[in-house]
>>> print(open('structure32.cif').read())   # mmCIF, C-alpha atoms
data_work
loop_
_atom_site.label_atom_id
_atom_site.label_comp_id
_atom_site.auth_asym_id
_atom_site.auth_seq_id
_atom_site.Cartn_x
_atom_site.Cartn_y
_atom_site.Cartn_z
CA MET A 1 -10.43 -16.60 -43.64
CA PHE A 2 -8.04 -16.43 -40.67
CA GLU A 3 -8.87 -19.90 -39.36
CA ASN A 4 -5.69 -21.33 -40.90
CA LEU A 5 -3.58 -18.89 -38.85
CA LEU A 6 -5.01 -19.91 -35.49
CA PRO A 7 -3.69 -22.98 -33.66
CA ALA A 8 -5.99 -25.97 -33.31
CA LEU A 9 -7.70 -26.49 -29.97
CA ASN A 10 -6.83 -29.61 -27.97
CA ASP A 11 -9.09 -31.82 -25.87
CA HIS A 12 -9.09 -29.11 -23.13
CA ASN A 13 -10.38 -26.65 -25.75
CA LEU A 14 -7.11 -24.71 -25.53
CA PRO A 15 -4.40 -23.88 -28.11
CA TYR A 16 -1.71 -24.90 -25.60
CA PRO A 17 -1.35 -28.08 -23.48
CA ASP A 18 -3.14 -26.97 -20.30
CA THR A 19 -4.52 -23.89 -18.54
CA ILE A 20 -1.97 -21.18 -17.76
CA HIS A 21 -4.22 -18.85 -15.75
CA PRO A 22 -4.20 -21.01 -12.58
CA ILE A 23 -0.40 -21.24 -12.67
CA VAL A 24 0.11 -17.48 -12.87
CA VAL A 25 -2.72 -16.61 -10.50
CA HIS A 26 -1.27 -18.83 -7.78
CA PHE A 27 1.79 -16.58 -7.76
CA VAL A 28 -0.47 -13.58 -7.21
CA ILE A 29 -2.37 -15.33 -4.42
CA ALA A 30 0.84 -16.39 -2.68
CA MET A 31 2.47 -12.97 -3.00
CA VAL A 32 -0.57 -11.06 -1.68
CA LEU A 33 -1.05 -13.42 1.25
CA PHE A 34 2.67 -13.52 2.08
CA ALA A 35 2.82 -9.71 1.89
CA PHE A 36 -0.01 -9.45 4.42
CA ILE A 37 1.66 -11.95 6.76
CA CYS A 38 4.97 -10.09 6.48
CA ASP A 39 3.20 -6.80 7.21
CA LEU A 40 1.50 -8.26 10.28
CA ILE A 41 4.67 -9.76 11.70
CA GLY A 42 6.72 -6.72 10.70
CA TYR A 43 4.24 -4.34 12.32
CA PHE A 44 4.04 -6.18 15.64
CA SER A 45 7.75 -7.07 15.82
CA ALA A 46 9.01 -3.73 14.42
CA ASN A 47 11.06 -5.69 11.88
CA SER A 48 11.47 -3.31 8.94
CA ARG A 49 13.04 -6.03 6.78
CA LEU A 50 9.68 -7.84 6.71
CA LEU A 51 8.02 -4.61 5.61
CA GLU A 52 10.48 -4.44 2.72
CA VAL A 53 9.68 -8.05 1.78
CA SER A 54 6.00 -7.17 1.87
CA TRP A 55 6.50 -4.20 -0.44
CA TRP A 56 8.30 -6.28 -3.08
CA ASN A 57 5.67 -9.02 -2.89
CA MET A 58 2.91 -6.48 -3.51
CA PHE A 59 4.90 -4.94 -6.37
CA PHE A 60 5.32 -8.27 -8.15
CA ALA A 61 1.74 -9.28 -7.35
CA THR A 62 0.59 -6.11 -9.13
CA VAL A 63 2.54 -7.01 -12.25
CA SER A 64 1.54 -10.67 -12.11
CA ILE A 65 -2.20 -10.08 -11.72
CA PHE A 66 -2.37 -8.44 -15.14
CA ILE A 67 -0.66 -11.45 -16.70
CA ALA A 68 -3.10 -13.73 -14.87
CA ILE A 69 -6.05 -11.68 -16.15
CA ILE A 70 -4.83 -11.84 -19.75
CA PHE A 71 -4.66 -15.64 -19.63
CA GLY A 72 -7.88 -15.78 -17.63
CA GLN A 73 -9.72 -13.81 -20.31
CA ILE A 74 -8.30 -15.99 -23.09
CA GLU A 75 -9.20 -19.19 -21.27
CA ALA A 76 -12.64 -17.92 -20.23
CA GLY A 77 -13.30 -17.02 -23.86
CA LEU A 78 -12.28 -20.51 -24.98
CA ALA A 79 -14.24 -22.24 -22.20
CA GLN A 80 -17.47 -23.69 -23.42
CA ALA A 81 -19.45 -22.13 -20.63
CA TYR A 82 -22.84 -23.75 -20.26
CA ASP A 83 -25.78 -22.02 -18.55
CA ALA A 84 -25.09 -23.22 -15.00
CA VAL A 85 -21.50 -21.91 -14.97
CA GLU A 86 -22.17 -18.46 -16.47
CA PRO A 87 -23.02 -16.59 -13.22
CA VAL A 88 -19.95 -17.93 -11.39
CA LEU A 89 -17.65 -17.24 -14.35
CA ASN A 90 -19.03 -13.70 -14.71
CA LEU A 91 -18.58 -12.96 -11.00
CA HIS A 92 -15.06 -14.44 -11.03
CA THR A 93 -14.19 -12.24 -14.03
CA LEU A 94 -15.66 -9.11 -12.45
CA ILE A 95 -13.83 -9.65 -9.17
CA GLY A 96 -10.60 -10.50 -11.02
CA TRP A 97 -10.64 -7.22 -12.92
CA SER A 98 -11.58 -5.39 -9.72
CA LEU A 99 -8.72 -7.03 -7.86
CA SER A 100 -6.27 -5.78 -10.47
CA GLY A 101 -7.27 -2.20 -9.71
CA ILE A 102 -7.49 -2.78 -5.96
CA ILE A 103 -4.07 -4.43 -5.77
CA ALA A 104 -2.53 -1.70 -7.94
CA ALA A 105 -4.07 1.01 -5.72
CA ILE A 106 -2.94 -0.69 -2.50
CA THR A 107 0.56 -1.12 -3.94
CA ALA A 108 0.66 2.57 -4.88
CA TRP A 109 -0.43 3.47 -1.34
CA ARG A 110 2.22 1.11 0.04
CA TYR A 111 4.83 2.85 -2.14
CA VAL A 112 3.90 6.23 -0.68
CA ILE A 113 4.07 4.79 2.84
CA ARG A 114 7.48 3.30 2.03
CA LEU A 115 8.78 6.63 0.71
CA ARG A 116 7.67 8.48 3.85
CA ASP A 117 9.02 5.96 6.37
CA PRO A 118 10.19 2.51 5.22
CA LYS A 119 10.29 1.24 8.81
CA LYS A 120 6.61 1.74 9.68
CA ILE A 121 3.16 1.10 8.28
CA PRO A 122 -0.12 2.46 9.65
CA MET A 123 -2.71 0.21 11.24
CA SER A 124 -5.18 1.32 8.55
CA TYR A 125 -2.96 -0.30 5.93
CA LEU A 126 -3.16 -3.59 7.86
CA GLY A 127 -6.95 -3.27 7.88
CA VAL A 128 -7.03 -2.82 4.13
CA GLY A 129 -4.63 -5.75 3.80
CA LEU A 130 -7.05 -7.91 5.78
CA LEU A 131 -9.95 -6.88 3.51
CA LEU A 132 -7.81 -7.65 0.46
CA THR A 133 -6.94 -11.06 1.91
CA MET A 134 -10.62 -11.87 2.43
CA LEU A 135 -11.45 -10.79 -1.14
CA VAL A 136 -8.61 -12.95 -2.48
CA PHE A 137 -9.93 -15.95 -0.51
CA PHE A 138 -13.41 -15.40 -1.99
CA GLN A 139 -11.91 -15.18 -5.50
CA VAL A 140 -10.00 -18.42 -4.87
CA TYR A 141 -13.27 -20.05 -3.81
CA LEU A 142 -14.92 -18.97 -7.08
CA GLY A 143 -11.96 -20.22 -9.14
CA ASP A 144 -12.03 -23.55 -7.35
CA GLU A 145 -15.75 -23.80 -8.03
CA LEU A 146 -15.19 -23.20 -11.75
CA VAL A 147 -12.72 -26.08 -11.94
CA TRP A 148 -13.85 -28.58 -9.31
CA VAL A 149 -17.63 -28.12 -9.52
CA TYR A 150 -18.22 -26.97 -13.09
CA GLY A 151 -15.14 -28.57 -14.67
CA LEU A 152 -14.15 -25.80 -17.06
CA HIS A 153 -11.41 -26.97 -19.43
CA THR A 154 -11.58 -30.54 -18.16
CA VAL A 155 -11.77 -33.17 -20.86
CA PRO A 156 -15.09 -34.77 -19.77
CA VAL A 157 -16.87 -31.40 -19.62
CA VAL A 158 -15.43 -30.25 -22.95
CA GLU A 159 -16.61 -33.52 -24.54
CA ALA A 160 -20.05 -33.26 -22.90
CA VAL A 161 -20.52 -29.73 -24.23
CA LYS A 162 -19.41 -30.75 -27.72
CA GLU A 163 -21.89 -33.67 -27.65
CA GLY A 164 -24.66 -31.36 -26.49
CA VAL A 165 -25.12 -33.06 -23.11
CA LEU A 166 -24.55 -29.80 -21.21
#
>>> encode(input="structure32.cif", output="structure tokens")
Amino acid sequence: MFENLLPALNDHNLPYPDTIHPIVVHFVIAMVLFAFICDLIGYFSANSRLLEVSWWNMFFATVSIFIAIIFGQIEAGLAQAYDAVEPVLNLHTLIGWSLSGIIAAITAWRYVIRLRDPKKIPMSYLGVGLLLTMLVFFQVYLGDELVWVYGLHTVPVVEAVKEGVL
């Protein structure tokens, strides 16, 4: 009934030219990692301007991760996930949603720290930033695996699934 209203899927099994999730999520990755580096350097050099840069990077990373998740969910739903890819895709999805809450919570904590004293951050915040960085690296690994090992949304894999090879 509503099939005529939906756009046709291309050879990547998407209604638009190529995946959008990786484009948006790379902004999140860069902003979170750059925020942590700015916090480290700002903490040890007592440079409050770097702490301000870190705050704004975390703020925009918080907004951007929700956009990345929306496109990630759309593209995961359109991916023709075969049996071998399911566990990795499910874990990547679970960690992605978890990261949205974790990043939002850390950003809220960072906001409170900034309100109290914009020129200092506690060492505990750096520890949490390190844990966040490690979780982001693991999520990047899973995303890379989905593309480079399992080939989600690549033309040969889409064709193989349609032909019943996978």
>>> closest_residue(input="structure32.cif", among="A:Asp144, A:Val53, A:Leu135, A:Pro87", to="A:Leu40", atoms="only C-alpha atoms")
A:Val53
>>> residues_near_point(input="structure32.cif", point="(4.7, -3.8, 1.2)", cutoff="12 Å", atoms="all atoms listed in the file", output="PyMOL selection string")
chain A and resi 31-40+42-43+48-62+103-104+106-115+117-122+125-126+129
>>> residues_around(input="structure32.cif", residues="A:Ala79", least_positions_apart="4", cutoff="8 Å", atoms="all atoms listed in the file", output="number ranges by chain")
A: 13, 75, 152-153
>>> closest_residue(input="structure32.cif", among="A:Gln139, A:Gln80, A:Asn47, A:Asn10", to="A:Glu163", atoms="all atoms listed in the file")
A:Gln80
>>> residues_around(input="structure32.cif", residues="A:Ala160", least_positions_apart="6", cutoff="12 Å", atoms="all atoms listed in the file", output="PyMOL selection string")
chain A and resi 11-12+80-82+150-154+166
>>> axis_aligned_box(input="structure32.cif", around="stretch 43-51 of chain A", padding_each_side="6 Å", output="JSON")
{"center_x": 8.5, "center_y": -5.6, "center_z": 10.7, "size_x": 21.0, "size_y": 16.5, "size_z": 22.2}
>>> residues_around(input="structure32.cif", residues="A:Pro22", least_positions_apart="6", cutoff="9 Å", atoms="only C-alpha atoms", output="ChimeraX atom specification")
/A:68,71-72,143
>>> closest_residue(input="structure32.cif", among="A:Leu146, A:Leu130, A:Val155, A:Val161", to="A:Thr93", atoms="only C-alpha atoms")
A:Leu146
>>> closest_residue(input="structure32.cif", among="A:His26, A:His21, A:Lys162, A:Arg116", to="A:Ile74", atoms="only C-alpha atoms")
A:His21
>>> atom_distance(input="structure32.cif", atom1="atom CA of A:Phe44", atom2="atom CA of A:Ile102")
24.7 Å
>>> closest_residue(input="structure32.cif", among="A:Ala105, A:Ile67, A:Leu94, A:Val147", to="A:Ile20", atoms="all atoms listed in the file")
A:Ile67
>>> build_atoms(input="structure32.cif", residues="stretch 141-157 of chain A", atoms="N, CA and C atoms", output="PDB file, keeping the file's coordinate frame")
ATOM      1  N   TYR A 141     -12.092 -19.177  -3.919  1.00  0.00           N
ATOM      2  CA  TYR A 141     -13.270 -20.050  -3.810  1.00  0.00           C
ATOM      3  C   TYR A 141     -14.013 -20.130  -5.148  1.00  0.00           C
ATOM      4  N   LEU A 142     -14.222 -18.980  -5.786  1.00  0.00           N
ATOM      5  CA  LEU A 142     -14.920 -18.970  -7.080  1.00  0.00           C
ATOM      6  C   LEU A 142     -14.116 -19.712  -8.146  1.00  0.00           C
ATOM      7  N   GLY A 143     -12.806 -19.507  -8.176  1.00  0.00           N
ATOM      8  CA  GLY A 143     -11.960 -20.220  -9.140  1.00  0.00           C
ATOM      9  C   GLY A 143     -11.990 -21.714  -8.923  1.00  0.00           C
ATOM     10  N   ASP A 144     -11.936 -22.120  -7.660  1.00  0.00           N
ATOM     11  CA  ASP A 144     -12.030 -23.550  -7.350  1.00  0.00           C
ATOM     12  C   ASP A 144     -13.372 -24.119  -7.797  1.00  0.00           C
ATOM     13  N   GLU A 145     -14.424 -23.353  -7.606  1.00  0.00           N
ATOM     14  CA  GLU A 145     -15.750 -23.800  -8.030  1.00  0.00           C
ATOM     15  C   GLU A 145     -15.817 -23.991  -9.543  1.00  0.00           C
ATOM     16  N   LEU A 146     -15.185 -23.087 -10.288  1.00  0.00           N
ATOM     17  CA  LEU A 146     -15.190 -23.200 -11.750  1.00  0.00           C
ATOM     18  C   LEU A 146     -14.507 -24.481 -12.223  1.00  0.00           C
ATOM     19  N   VAL A 147     -13.455 -24.873 -11.530  1.00  0.00           N
ATOM     20  CA  VAL A 147     -12.720 -26.080 -11.940  1.00  0.00           C
ATOM     21  C   VAL A 147     -13.324 -27.334 -11.326  1.00  0.00           C
ATOM     22  N   TRP A 148     -13.499 -27.351 -10.012  1.00  0.00           N
ATOM     23  CA  TRP A 148     -13.850 -28.580  -9.310  1.00  0.00           C
ATOM     24  C   TRP A 148     -15.343 -28.884  -9.308  1.00  0.00           C
ATOM     25  N   VAL A 149     -16.186 -27.871  -9.471  1.00  0.00           N
ATOM     26  CA  VAL A 149     -17.630 -28.120  -9.520  1.00  0.00           C
ATOM     27  C   VAL A 149     -18.124 -28.131 -10.962  1.00  0.00           C
ATOM     28  N   TYR A 150     -17.723 -27.104 -11.723  1.00  0.00           N
ATOM     29  CA  TYR A 150     -18.220 -26.970 -13.090  1.00  0.00           C
ATOM     30  C   TYR A 150     -17.294 -27.565 -14.144  1.00  0.00           C
ATOM     31  N   GLY A 151     -16.058 -27.863 -13.781  1.00  0.00           N
ATOM     32  CA  GLY A 151     -15.140 -28.570 -14.670  1.00  0.00           C
ATOM     33  C   GLY A 151     -14.701 -27.843 -15.917  1.00  0.00           C
ATOM     34  N   LEU A 152     -14.589 -26.525 -15.867  1.00  0.00           N
ATOM     35  CA  LEU A 152     -14.150 -25.800 -17.060  1.00  0.00           C
ATOM     36  C   LEU A 152     -12.769 -26.277 -17.504  1.00  0.00           C
ATOM     37  N   HIS A 153     -12.637 -26.495 -18.769  1.00  0.00           N
ATOM     38  CA  HIS A 153     -11.410 -26.970 -19.430  1.00  0.00           C
ATOM     39  C   HIS A 153     -10.984 -28.368 -19.004  1.00  0.00           C
ATOM     40  N   THR A 154     -11.886 -29.127 -18.412  1.00  0.00           N
ATOM     41  CA  THR A 154     -11.580 -30.540 -18.160  1.00  0.00           C
ATOM     42  C   THR A 154     -12.118 -31.338 -19.338  1.00  0.00           C
ATOM     43  N   VAL A 155     -11.424 -32.389 -19.669  1.00  0.00           N
ATOM     44  CA  VAL A 155     -11.770 -33.170 -20.860  1.00  0.00           C
ATOM     45  C   VAL A 155     -13.220 -33.687 -20.842  1.00  0.00           C
ATOM     46  N   PRO A 156     -13.708 -34.268 -19.745  1.00  0.00           N
ATOM     47  CA  PRO A 156     -15.090 -34.770 -19.770  1.00  0.00           C
ATOM     48  C   PRO A 156     -16.134 -33.668 -20.007  1.00  0.00           C
ATOM     49  N   VAL A 157     -15.916 -32.498 -19.429  1.00  0.00           N
ATOM     50  CA  VAL A 157     -16.870 -31.400 -19.620  1.00  0.00           C
ATOM     51  C   VAL A 157     -16.788 -30.864 -21.043  1.00  0.00           C
TER      52      VAL A 157
END
